[in-house]
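This is coords_38.cif (mmCIF, C-alpha atoms).
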```cif
data_final
#
loop_
_atom_site.group_PDB
_atom_site.id
_atom_site.type_symbol
_atom_site.label_atom_id
_atom_site.label_comp_id
_atom_site.auth_asym_id
_atom_site.auth_seq_id
_atom_site.Cartn_x
_atom_site.Cartn_y
_atom_site.Cartn_z
ATOM 1 C CA MET A 10 0.000 0.000 0.000
ATOM 2 C CA ALA A 11 1.154 3.449 -0.799
ATOM 3 C CA GLY A 12 0.230 5.189 2.446
ATOM 4 C CA GLY A 13 -1.432 8.495 3.175
ATOM 5 C CA HIS A 14 -5.111 7.501 3.025
ATOM 6 C CA SER A 15 -7.354 8.204 5.964
ATOM 7 C CA LYS A 16 -10.837 7.006 6.811
ATOM 8 C CA LYS A 17 -11.964 10.625 7.094
ATOM 9 C CA GLU A 18 -10.897 11.211 3.511
ATOM 10 C CA TYR A 19 -12.841 8.125 2.408
ATOM 11 C CA ILE A 20 -16.028 9.461 4.018
ATOM 12 C CA VAL A 21 -15.571 12.947 2.523
ATOM 13 C CA VAL A 22 -15.141 11.385 -0.926
ATOM 14 C CA PHE A 23 -18.321 9.359 -0.376
ATOM 15 C CA PHE A 24 -20.311 12.552 0.290
ATOM 16 C CA VAL A 25 -18.738 14.287 -2.699
ATOM 17 C CA LEU A 26 -19.749 11.394 -4.978
ATOM 18 C CA THR A 27 -23.276 11.357 -3.555
ATOM 19 C CA VAL A 28 -23.744 15.112 -3.979
ATOM 20 C CA LEU A 29 -22.356 15.072 -7.539
ATOM 21 C CA THR A 30 -24.773 12.240 -8.412
ATOM 22 C CA ALA A 31 -27.687 14.230 -6.976
ATOM 23 C CA ILE A 32 -26.626 17.258 -9.042
ATOM 24 C CA GLU A 33 -26.487 15.071 -12.156
ATOM 25 C CA VAL A 34 -30.030 13.829 -11.648
ATOM 26 C CA GLY A 35 -31.093 17.435 -10.911
ATOM 27 C CA ILE A 36 -29.536 18.678 -14.170
ATOM 28 C CA LYS A 37 -31.501 16.024 -16.055
ATOM 29 C CA TYR A 38 -34.787 17.520 -14.843
ATOM 30 C CA MET A 39 -33.833 21.219 -14.935
ATOM 31 C CA HIS A 40 -34.889 21.705 -18.580
ATOM 32 C CA LEU A 41 -31.610 23.291 -19.615
ATOM 33 C CA GLY A 42 -30.697 23.531 -23.274
ATOM 34 C CA ARG A 43 -29.514 20.189 -24.633
ATOM 35 C CA GLY A 44 -25.916 21.370 -25.166
ATOM 36 C CA MET A 45 -25.682 22.768 -21.638
ATOM 37 C CA MET A 46 -27.169 19.620 -20.158
ATOM 38 C CA VAL A 47 -24.837 17.268 -22.048
ATOM 39 C CA ALA A 48 -21.745 19.360 -21.231
ATOM 40 C CA GLY A 49 -22.682 19.553 -17.549
ATOM 41 C CA LEU A 50 -23.412 15.838 -17.274
ATOM 42 C CA ILE A 51 -20.170 14.825 -18.993
ATOM 43 C CA ALA A 52 -18.123 17.180 -16.794
ATOM 44 C CA LEU A 53 -19.740 15.796 -13.628
ATOM 45 C CA ALA A 54 -19.297 12.171 -14.741
ATOM 46 C CA LEU A 55 -15.613 12.717 -15.513
ATOM 47 C CA ALA A 56 -15.130 14.504 -12.183
ATOM 48 C CA LYS A 57 -16.696 11.541 -10.363
ATOM 49 C CA ALA A 58 -14.657 8.978 -12.321
ATOM 50 C CA VAL A 59 -11.398 10.836 -11.606
ATOM 51 C CA THR A 60 -12.342 11.158 -7.918
ATOM 52 C CA VAL A 61 -12.886 7.395 -7.627
ATOM 53 C CA ALA A 62 -9.581 6.628 -9.376
ATOM 54 C CA MET A 63 -7.584 9.161 -7.339
ATOM 55 C CA PHE A 64 -8.983 8.562 -3.845
ATOM 56 C CA TYR A 65 -10.560 5.084 -3.762
ATOM 57 C CA MET A 66 -8.098 3.444 -6.158
ATOM 58 C CA HIS A 67 -5.284 5.501 -4.560
ATOM 59 C CA LEU A 68 -3.885 6.603 -7.893
ATOM 60 C CA LYS A 69 -2.865 9.962 -6.402
ATOM 61 C CA SER A 70 -0.477 8.262 -3.966
ATOM 62 C CA GLU A 71 0.911 5.676 -6.373
ATOM 63 C CA THR A 72 4.467 5.593 -7.683
ATOM 64 C CA ARG A 73 5.236 7.753 -10.680
ATOM 65 C CA SER A 74 6.043 4.687 -12.746
ATOM 66 C CA LEU A 75 2.581 3.212 -12.122
ATOM 67 C CA LYS A 76 0.927 6.571 -12.907
ATOM 68 C CA LEU A 77 2.819 6.669 -16.181
ATOM 69 C CA ILE A 78 1.901 3.089 -17.096
ATOM 70 C CA ILE A 79 -1.802 3.867 -16.530
ATOM 71 C CA GLY A 80 -2.000 7.507 -17.596
ATOM 72 C CA LEU A 81 -0.200 7.563 -20.921
ATOM 73 C CA PRO A 82 -1.984 4.526 -22.454
ATOM 74 C CA MET A 83 -5.369 6.026 -21.406
ATOM 75 C CA LEU A 84 -4.621 9.280 -23.209
ATOM 76 C CA PHE A 85 -4.834 7.821 -26.712
ATOM 77 C CA PRO A 86 -8.083 5.855 -26.316
ATOM 78 C CA ALA A 87 -9.598 9.054 -24.894
ATOM 79 C CA LEU A 88 -8.372 11.060 -27.871
ATOM 80 C CA TYR A 89 -9.606 8.350 -30.234
ATOM 81 C CA ALA A 90 -13.073 8.484 -28.653
ATOM 82 C CA VAL A 91 -13.275 12.283 -28.865
ATOM 83 C CA VAL A 92 -12.207 12.370 -32.530
ATOM 84 C CA LEU A 93 -14.673 9.630 -33.554
ATOM 85 C CA ILE A 94 -17.588 11.243 -31.733
ATOM 86 C CA VAL A 95 -16.853 14.706 -33.134
ATOM 87 C CA GLU A 96 -16.570 13.294 -36.640
ATOM 88 C CA SER A 97 -19.784 11.335 -36.245
ATOM 89 C CA ILE A 98 -21.701 14.391 -35.010
ATOM 90 C CA ALA A 99 -20.292 16.577 -37.785
ATOM 91 C CA ARG A 100 -21.136 14.019 -40.468
ATOM 92 C CA SER A 101 -24.659 13.535 -39.213
ATOM 93 C CA ALA A 102 -25.265 17.313 -39.017
ATOM 94 C CA PHE A 103 -23.999 17.613 -42.602
ATOM 95 C CA THR A 104 -26.220 14.836 -44.019
ATOM 96 C CA TRP A 105 -29.217 16.155 -42.071
ATOM 97 C CA LYS A 106 -28.742 19.582 -43.602
ATOM 98 C CA GLN A 107 -28.611 18.049 -47.079
ATOM 99 C CA MET A 108 -31.741 15.999 -46.463
ATOM 100 C CA VAL A 109 -33.769 18.895 -45.080
ATOM 101 C CA GLY A 110 -32.431 21.260 -47.681
ATOM 102 C CA MET B 23 10.203 -6.289 -15.051
ATOM 103 C CA LEU B 24 9.118 -4.443 -11.951
ATOM 104 C CA PRO B 25 12.093 -2.912 -10.222
ATOM 105 C CA ARG B 26 11.049 -4.047 -6.768
ATOM 106 C CA VAL B 27 8.429 -6.259 -5.262
ATOM 107 C CA SER B 28 7.971 -5.735 -1.580
ATOM 108 C CA ASP B 29 4.492 -6.008 -0.209
ATOM 109 C CA ASP B 30 3.183 -9.228 -1.710
ATOM 110 C CA GLU B 31 1.931 -11.595 0.926
ATOM 111 C CA GLU B 32 4.442 -14.148 2.125
ATOM 112 C CA PRO B 33 7.554 -12.733 0.533
ATOM 113 C CA SER B 34 10.160 -15.353 -0.295
ATOM 114 C CA PRO B 35 13.553 -15.071 1.422
ATOM 115 C CA ALA B 36 15.093 -13.963 -1.860
ATOM 116 C CA MET B 37 12.522 -11.212 -2.242
ATOM 117 C CA SER B 38 12.981 -9.851 1.260
ATOM 118 C CA GLN B 39 16.714 -9.904 0.651
ATOM 119 C CA ALA B 40 16.218 -7.949 -2.536
ATOM 120 C CA ALA B 41 14.065 -5.471 -0.638
ATOM 121 C CA GLU B 42 16.837 -5.017 1.910
ATOM 122 C CA LEU B 43 19.391 -4.477 -0.805
ATOM 123 C CA GLN B 44 17.455 -1.676 -2.489
ATOM 124 C CA HIS B 45 19.309 1.594 -2.821
ATOM 125 C CA PRO B 46 18.889 4.415 -5.337
ATOM 126 C CA ALA B 47 22.162 3.819 -7.157
ATOM 127 C CA SER B 48 21.172 0.334 -8.340
ATOM 128 C CA GLY B 49 20.491 0.405 -12.096
ATOM 129 C CA ALA B 50 17.428 -1.839 -12.061
ATOM 130 C CA GLU B 51 15.595 0.636 -9.851
ATOM 131 C CA GLU B 52 15.996 3.690 -11.990
ATOM 132 C CA PHE B 53 12.491 3.467 -13.416
ATOM 133 C CA ASP B 54 10.937 3.743 -9.971
ATOM 134 C CA PHE B 55 11.317 7.442 -9.357
ATOM 135 C CA GLY B 56 10.156 7.647 -5.767
ATOM 136 C CA ALA B 57 10.813 5.748 -2.607
ATOM 137 C CA LYS B 58 7.374 4.115 -2.783
ATOM 138 C CA VAL B 59 6.832 0.626 -4.094
ATOM 139 C CA SER B 60 4.039 -1.012 -6.074
ATOM 140 C CA SER B 61 3.411 -4.734 -5.881
ATOM 141 C CA SER B 62 3.422 -6.840 -9.019
ATOM 142 C CA GLY B 63 -0.143 -7.936 -8.204
ATOM 143 C CA LYS B 64 -1.267 -4.330 -8.177
ATOM 144 C CA LEU B 65 0.454 -3.577 -11.462
ATOM 145 C CA GLY B 66 -1.205 -6.666 -12.974
ATOM 146 C CA MET B 67 -4.661 -5.542 -11.847
ATOM 147 C CA TRP B 68 -4.091 -2.016 -13.184
ATOM 148 C CA ILE B 69 -3.000 -3.311 -16.579
ATOM 149 C CA PHE B 70 -6.073 -5.545 -16.704
ATOM 150 C CA LEU B 71 -8.335 -2.609 -15.770
ATOM 151 C CA LEU B 72 -6.691 -0.447 -18.410
ATOM 152 C CA THR B 73 -7.547 -2.950 -21.138
ATOM 153 C CA ASP B 74 -10.996 -3.588 -19.645
ATOM 154 C CA ALA B 75 -11.597 0.172 -19.819
ATOM 155 C CA MET B 76 -10.886 -0.031 -23.541
ATOM 156 C CA SER B 77 -13.480 -2.820 -23.893
ATOM 157 C CA PHE B 78 -16.122 -0.699 -22.174
ATOM 158 C CA GLY B 79 -14.891 2.274 -24.170
ATOM 159 C CA GLY B 80 -15.586 0.291 -27.351
ATOM 160 C CA LEU B 81 -19.162 -0.453 -26.265
ATOM 161 C CA LEU B 82 -19.823 3.154 -25.257
ATOM 162 C CA LEU B 83 -18.200 4.503 -28.399
ATOM 163 C CA GLY B 84 -20.369 2.242 -30.581
ATOM 164 C CA TYR B 85 -23.366 3.658 -28.747
ATOM 165 C CA ALA B 86 -22.163 7.250 -29.156
ATOM 166 C CA ILE B 87 -21.678 6.848 -32.902
ATOM 167 C CA LEU B 88 -25.020 5.129 -33.511
ATOM 168 C CA ARG B 89 -26.756 7.779 -31.451
ATOM 169 C CA SER B 90 -25.053 10.814 -32.967
ATOM 170 C CA GLY B 91 -25.899 9.487 -36.448
ATOM 171 C CA SER B 92 -29.578 9.088 -35.600
ATOM 172 C CA HIS B 93 -32.209 11.829 -35.796
ATOM 173 C CA ASP B 94 -34.978 10.079 -33.929
ATOM 174 C CA TRP B 95 -33.176 8.663 -30.895
ATOM 175 C CA PRO B 96 -35.659 8.541 -28.014
ATOM 176 C CA ASP B 97 -34.984 10.436 -24.781
ATOM 177 C CA PRO B 98 -33.788 7.640 -22.450
ATOM 178 C CA SER B 99 -35.960 8.987 -19.625
ATOM 179 C CA GLN B 100 -39.049 8.037 -21.672
ATOM 180 C CA ARG B 101 -37.972 4.405 -21.609
ATOM 181 C CA LEU B 102 -35.842 3.960 -18.502
ATOM 182 C CA GLY B 103 -36.566 4.566 -14.830
ATOM 183 C CA ILE B 104 -34.103 7.306 -13.899
ATOM 184 C CA PRO B 105 -34.972 7.606 -10.159
ATOM 185 C CA PHE B 106 -34.742 3.821 -9.688
ATOM 186 C CA THR B 107 -31.367 3.730 -11.435
ATOM 187 C CA ALA B 108 -30.162 6.714 -9.405
ATOM 188 C CA GLY B 109 -30.891 4.562 -6.351
ATOM 189 C CA MET B 110 -28.819 1.725 -7.839
ATOM 190 C CA THR B 111 -26.012 4.217 -8.490
ATOM 191 C CA PHE B 112 -26.148 5.272 -4.843
ATOM 192 C CA ILE B 113 -25.919 1.618 -3.732
ATOM 193 C CA LEU B 114 -22.727 1.197 -5.780
ATOM 194 C CA ILE B 115 -21.227 4.381 -4.298
ATOM 195 C CA CYS B 116 -22.043 3.024 -0.820
ATOM 196 C CA SER B 117 -20.369 -0.272 -1.688
ATOM 197 C CA SER B 118 -17.259 1.619 -2.782
ATOM 198 C CA VAL B 119 -16.950 3.438 0.532
ATOM 199 C CA THR B 120 -17.485 0.170 2.457
ATOM 200 C CA MET B 121 -14.720 -1.383 0.321
ATOM 201 C CA VAL B 122 -12.157 1.281 1.299
ATOM 202 C CA MET B 123 -13.262 0.944 4.922
ATOM 203 C CA ALA B 124 -12.602 -2.822 4.609
ATOM 204 C CA LEU B 125 -9.106 -2.025 3.333
ATOM 205 C CA ALA B 126 -8.503 0.382 6.224
ATOM 206 C CA ALA B 127 -9.651 -2.304 8.691
ATOM 207 C CA ALA B 128 -7.316 -4.878 7.111
ATOM 208 C CA GLN B 129 -4.417 -2.446 7.343
ATOM 209 C CA GLU B 130 -5.196 -2.004 11.040
ATOM 210 C CA LYS B 131 -5.254 -5.836 11.425
ATOM 211 C CA ASN B 132 -8.879 -5.496 12.525
ATOM 212 C CA LYS B 133 -10.410 -8.784 11.389
ATOM 213 C CA LYS B 134 -13.948 -8.056 12.651
ATOM 214 C CA GLY B 135 -14.004 -4.712 10.886
ATOM 215 C CA LEU B 136 -12.651 -6.264 7.703
ATOM 216 C CA LEU B 137 -15.356 -8.955 7.698
ATOM 217 C CA LEU B 138 -18.097 -6.414 8.436
ATOM 218 C CA TRP B 139 -17.128 -3.869 5.763
ATOM 219 C CA LEU B 140 -16.324 -6.524 3.165
ATOM 220 C CA GLY B 141 -19.650 -8.202 3.908
ATOM 221 C CA LEU B 142 -21.485 -4.891 3.407
ATOM 222 C CA THR B 143 -19.629 -4.388 0.112
ATOM 223 C CA ILE B 144 -20.759 -7.809 -1.109
ATOM 224 C CA LEU B 145 -24.299 -7.020 0.047
ATOM 225 C CA GLY B 146 -24.228 -3.797 -2.003
ATOM 226 C CA GLY B 147 -23.147 -5.747 -5.072
ATOM 227 C CA VAL B 148 -25.920 -8.303 -4.582
ATOM 228 C CA MET B 149 -28.494 -5.510 -4.121
ATOM 229 C CA PHE B 150 -27.296 -3.891 -7.338
ATOM 230 C CA LEU B 151 -27.686 -7.193 -9.201
ATOM 231 C CA CYS B 152 -31.193 -7.676 -7.788
ATOM 232 C CA GLY B 153 -32.079 -4.136 -8.876
ATOM 233 C CA GLN B 154 -30.793 -4.815 -12.358
ATOM 234 C CA ALA B 155 -32.713 -8.102 -12.565
ATOM 235 C CA LYS B 156 -35.875 -6.243 -11.569
ATOM 236 C CA GLU B 157 -35.174 -3.487 -14.093
ATOM 237 C CA TYR B 158 -34.497 -5.939 -16.932
ATOM 238 C CA THR B 159 -37.555 -8.109 -16.258
ATOM 239 C CA SER B 160 -39.896 -5.125 -16.148
ATOM 240 C CA LEU B 161 -38.391 -3.565 -19.301
ATOM 241 C CA ILE B 162 -38.553 -6.870 -21.197
ATOM 242 C CA SER B 163 -42.139 -7.479 -20.099
ATOM 243 C CA GLU B 164 -42.967 -4.067 -21.601
ATOM 244 C CA GLY B 165 -41.547 -5.145 -24.967
ATOM 245 C CA ALA B 166 -37.894 -4.117 -24.732
ATOM 246 C CA GLY B 167 -35.213 -6.411 -26.151
ATOM 247 C CA ILE B 168 -31.690 -6.305 -27.555
ATOM 248 C CA THR B 169 -32.852 -6.687 -31.166
ATOM 249 C CA VAL B 170 -35.829 -4.286 -31.004
ATOM 250 C CA ASP B 171 -33.868 -1.192 -32.043
ATOM 251 C CA ASN B 172 -30.444 0.420 -31.689
ATOM 252 C CA MET B 173 -31.404 2.236 -28.519
ATOM 253 C CA TRP B 174 -32.298 -1.008 -26.766
ATOM 254 C CA ALA B 175 -29.225 -2.803 -28.177
ATOM 255 C CA THR B 176 -26.913 -0.081 -26.892
ATOM 256 C CA PHE B 177 -28.753 -0.151 -23.580
ATOM 257 C CA PHE B 178 -28.688 -3.888 -22.886
ATOM 258 C CA ILE B 179 -25.165 -4.672 -24.106
ATOM 259 C CA PRO B 180 -23.126 -2.229 -21.958
ATOM 260 C CA THR B 181 -25.383 -2.501 -18.889
ATOM 261 C CA GLY B 182 -25.405 -6.304 -19.256
ATOM 262 C CA PHE B 183 -21.639 -6.512 -19.412
ATOM 263 C CA HIS B 184 -21.427 -4.161 -16.456
ATOM 264 C CA GLY B 185 -23.787 -6.388 -14.463
ATOM 265 C CA LEU B 186 -21.555 -9.351 -15.299
ATOM 266 C CA HIS B 187 -18.617 -7.365 -13.934
ATOM 267 C CA VAL B 188 -20.555 -6.789 -10.713
ATOM 268 C CA PHE B 189 -21.182 -10.535 -10.532
ATOM 269 C CA THR B 190 -17.453 -11.136 -11.057
ATOM 270 C CA GLY B 191 -16.718 -8.700 -8.238
ATOM 271 C CA VAL B 192 -19.238 -10.332 -5.892
ATOM 272 C CA THR B 193 -17.652 -13.744 -6.565
ATOM 273 C CA TYR B 194 -14.133 -12.353 -6.114
ATOM 274 C CA LEU B 195 -14.985 -10.524 -2.875
ATOM 275 C CA SER B 196 -16.842 -13.548 -1.491
ATOM 276 C CA VAL B 197 -13.700 -15.661 -1.866
ATOM 277 C CA ILE B 198 -11.677 -12.888 -0.217
ATOM 278 C CA TRP B 199 -14.279 -12.758 2.592
ATOM 279 C CA VAL B 200 -13.852 -16.486 3.334
ATOM 280 C CA GLN B 201 -10.065 -16.092 3.319
ATOM 281 C CA SER B 202 -10.426 -13.088 5.637
ATOM 282 C CA ALA B 203 -12.599 -15.119 8.010
ATOM 283 C CA ARG B 204 -9.709 -17.598 8.220
ATOM 284 C CA GLY B 205 -7.433 -14.725 9.228
ATOM 285 C CA LYS B 206 -5.349 -14.706 6.070
ATOM 286 C CA TYR B 207 -5.137 -10.906 5.847
ATOM 287 C CA THR B 208 -5.016 -9.914 9.511
ATOM 288 C CA ASP B 209 -3.494 -12.684 11.624
ATOM 289 C CA GLY B 210 0.197 -13.375 12.029
ATOM 290 C CA PRO B 211 3.358 -11.426 11.226
ATOM 291 C CA ASN B 212 3.208 -12.126 7.465
ATOM 292 C CA ALA B 213 -0.418 -11.022 6.983
ATOM 293 C CA SER B 214 -0.726 -8.268 4.411
ATOM 294 C CA ALA B 215 -3.679 -6.182 3.220
ATOM 295 C CA ASN B 216 -2.230 -6.085 -0.285
ATOM 296 C CA ASN B 217 -4.742 -8.572 -1.748
ATOM 297 C CA ILE B 218 -7.616 -6.589 -0.211
ATOM 298 C CA GLU B 219 -6.342 -3.468 -1.952
ATOM 299 C CA ILE B 220 -6.073 -5.332 -5.287
ATOM 300 C CA ALA B 221 -9.626 -6.702 -4.960
ATOM 301 C CA GLY B 222 -10.708 -3.150 -4.105
ATOM 302 C CA LEU B 223 -9.151 -1.856 -7.328
ATOM 303 C CA PHE B 224 -11.435 -4.176 -9.303
ATOM 304 C CA TRP B 225 -14.483 -3.214 -7.258
ATOM 305 C CA HIS B 226 -13.916 0.549 -7.586
ATOM 306 C CA PHE B 227 -13.347 0.171 -11.303
ATOM 307 C CA VAL B 228 -16.772 -1.470 -11.633
ATOM 308 C CA ASP B 229 -18.215 1.538 -9.782
ATOM 309 C CA LEU B 230 -16.255 3.913 -12.029
ATOM 310 C CA VAL B 231 -17.627 2.266 -15.184
ATOM 311 C CA TRP B 232 -21.151 2.516 -13.785
ATOM 312 C CA ILE B 233 -20.666 6.262 -13.233
ATOM 313 C CA LEU B 234 -20.007 6.605 -16.963
ATOM 314 C CA VAL B 235 -22.757 4.161 -18.027
ATOM 315 C CA PHE B 236 -25.323 5.924 -15.829
ATOM 316 C CA THR B 237 -24.444 9.310 -17.299
ATOM 317 C CA PHE B 238 -24.101 8.367 -20.953
ATOM 318 C CA ILE B 239 -26.872 5.765 -21.286
ATOM 319 C CA TYR B 240 -29.459 6.834 -18.715
ATOM 320 C CA LEU B 241 -29.114 10.599 -18.346
ATOM 321 C CA ILE B 242 -27.849 12.096 -21.597
#
```
Target encoding structure tokens, full file:
Amino acid sequence: MAGGHSKKEYIVVFFVLTVLTAIEVGIKYMHLGRGMMVAGLIALALAKAVTVAMFYMHLKSETRSLKLIIGLPMLFPALYAVVLIVESIARSAFTWKQMVG
Amino acid sequence: MLPRVSDDEEPSPAMSQAAELQHPASGAEEFDFGAKVSSSGKLGMWIFLLTDAMSFGGLLLGYAILRSGSHDWPDPSQRLGIPFTAGMTFILICSSVTMVMALAAAQEKNKKGLLLWLGLTILGGVMFLCGQAKEYTSLISEGAGITVDNMWATFFIPTGFHGLHVFTGVTYLSVIWVQSARGKYTDGPNASANNIEIAGLFWHFVDLVWILVFTFIYLI
């Protein structure tokens, strides 16, 4: 174990995750614009995922070599996902425009 | 491959010797920048989770591309029970905090605490599976199914694989619970919480994936 985790920290993280989840569900029903809603939900989900990895999976107190082995290989799948989704949205907006006129 | 292995359970004499011999000038240790040490078991679990993340990423990416190319994708809240699933999400968050409390108990050599918190973690996993079984049966009885349309396909496949991960975790933690009851992780001078931490890595990852599945498939 890498040291430096306390039970108090675990409980604080639990409340943070619970509150962020409640905010997510709230955003769903707040009737925001679709873009705002999607951006907010993705930001909150990523914040929660990073919180779990850092504090519950102890990534923040791991060795630098382990952080490198995990972090660098995750960067490219993430980039890959972003590029594919952006391309897919752009293509579908383009074909929709052509169909509607 | 790993420069040092120190906190595996029951270190062999050769390994403890190697741990005693460690000093910064030794060439084999150059890759480990700090004074801290990771176990080979932990590295193995992390590498597995990294590749498993890519598998889930593939499922979610397939969903994202089908959805962004569609102009009549239904709002998931018309088909799925968001409040019920929010409750299931909360159960998984609870089971993550009980898992880290189990680790803390094991590190304090507190066997009773370890068994209690680990037991609650397993209970959370079982409750999640029951919730998912209830969700699936009611959706299917209302006419949902993998082959009905793309929305249902991209709902059942990622959530189904996630549920199977929860089942894997429940099985894994149950075995660890029995070993804990025999004192493997708390009793004696060689007892180490390392295997509890590794099992926890898997469990938290399953929670982490659910955070993304809940947001992308249920909410957005």
Neighbours of chain A in chain B at 9 Å, counting only C-alpha atoms, as a VMD selection string:
chain B and resid 29 53 to 61 65 68 to 69 72 75 to 76 79 to 80 83 86 to 88 90 to 93 104 to 105 108 111 to 112 115 to 116 118 to 119 121 to 123 126 129 215 to 216 219 222 to 224 226 to 227 229 to 231 233 to 234 236 to 238 241 to 242
Please enclose the listed atoms of stretch 63-82 of chain A in an axis-aligned box, pad each side by 3 Å, and write out the centre and the three edge lengths in Å, rounded to one decimal, as JSON.
```
{"center_x": -2.3, "center_y": 6.5, "center_z": -13.1, "size_x": 22.6, "size_y": 12.9, "size_z": 24.7}
```
Can you give me, as a VMD selection string, the residues this file yields under the PyMOL selection byres ((chain B and resi 157-159) around 12)?
chain B and resid 101 to 107 109 to 110 150 to 156 160 to 168 174 177 to 179 181 to 182 185
Care to translate the PyMOL selection byres ((chain B and resi 135-148) around 8) into actual residues of this file, as a PDB file with C-alpha atoms, keeping the file's coordinate frame?
```pdb
ATOM      1  CA  ILE B 113     -25.919   1.618  -3.732  1.00  0.00           C
ATOM      2  CA  LEU B 114     -22.727   1.197  -5.780  1.00  0.00           C
ATOM      3  CA  CYS B 116     -22.043   3.024  -0.820  1.00  0.00           C
ATOM      4  CA  SER B 117     -20.369  -0.272  -1.688  1.00  0.00           C
ATOM      5  CA  SER B 118     -17.259   1.619  -2.782  1.00  0.00           C
ATOM      6  CA  THR B 120     -17.485   0.170   2.457  1.00  0.00           C
ATOM      7  CA  MET B 121     -14.720  -1.383   0.321  1.00  0.00           C
ATOM      8  CA  MET B 123     -13.262   0.944   4.922  1.00  0.00           C
ATOM      9  CA  ALA B 124     -12.602  -2.822   4.609  1.00  0.00           C
ATOM     10  CA  LEU B 125      -9.106  -2.025   3.333  1.00  0.00           C
ATOM     11  CA  ALA B 126      -8.503   0.382   6.224  1.00  0.00           C
ATOM     12  CA  ALA B 127      -9.651  -2.304   8.691  1.00  0.00           C
ATOM     13  CA  ALA B 128      -7.316  -4.878   7.111  1.00  0.00           C
ATOM     14  CA  ASN B 132      -8.879  -5.496  12.525  1.00  0.00           C
ATOM     15  CA  LYS B 133     -10.410  -8.784  11.389  1.00  0.00           C
ATOM     16  CA  LYS B 134     -13.948  -8.056  12.651  1.00  0.00           C
ATOM     17  CA  MET B 149     -28.494  -5.510  -4.121  1.00  0.00           C
ATOM     18  CA  PHE B 150     -27.296  -3.891  -7.338  1.00  0.00           C
ATOM     19  CA  LEU B 151     -27.686  -7.193  -9.201  1.00  0.00           C
ATOM     20  CA  CYS B 152     -31.193  -7.676  -7.788  1.00  0.00           C
ATOM     21  CA  VAL B 188     -20.555  -6.789 -10.713  1.00  0.00           C
ATOM     22  CA  PHE B 189     -21.182 -10.535 -10.532  1.00  0.00           C
ATOM     23  CA  GLY B 191     -16.718  -8.700  -8.238  1.00  0.00           C
ATOM     24  CA  VAL B 192     -19.238 -10.332  -5.892  1.00  0.00           C
ATOM     25  CA  LEU B 195     -14.985 -10.524  -2.875  1.00  0.00           C
ATOM     26  CA  SER B 196     -16.842 -13.548  -1.491  1.00  0.00           C
ATOM     27  CA  TRP B 199     -14.279 -12.758   2.592  1.00  0.00           C
ATOM     28  CA  SER B 202     -10.426 -13.088   5.637  1.00  0.00           C
ATOM     29  CA  ALA B 203     -12.599 -15.119   8.010  1.00  0.00           C
TER      30      ALA B 203
END
```
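We find atom CA of B:Gly66 and atom CA of B:Ser214 to be spaced 17.5 Å apart.
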Please report the interatomic distance between atom CA of A:Leu84 and atom CA of B:Leu82 in Å with one decimal.
16.5 Å
One decimal place gives the atom CA of A:Lys69-atom CA of B:His184 separation as 25.4 Å
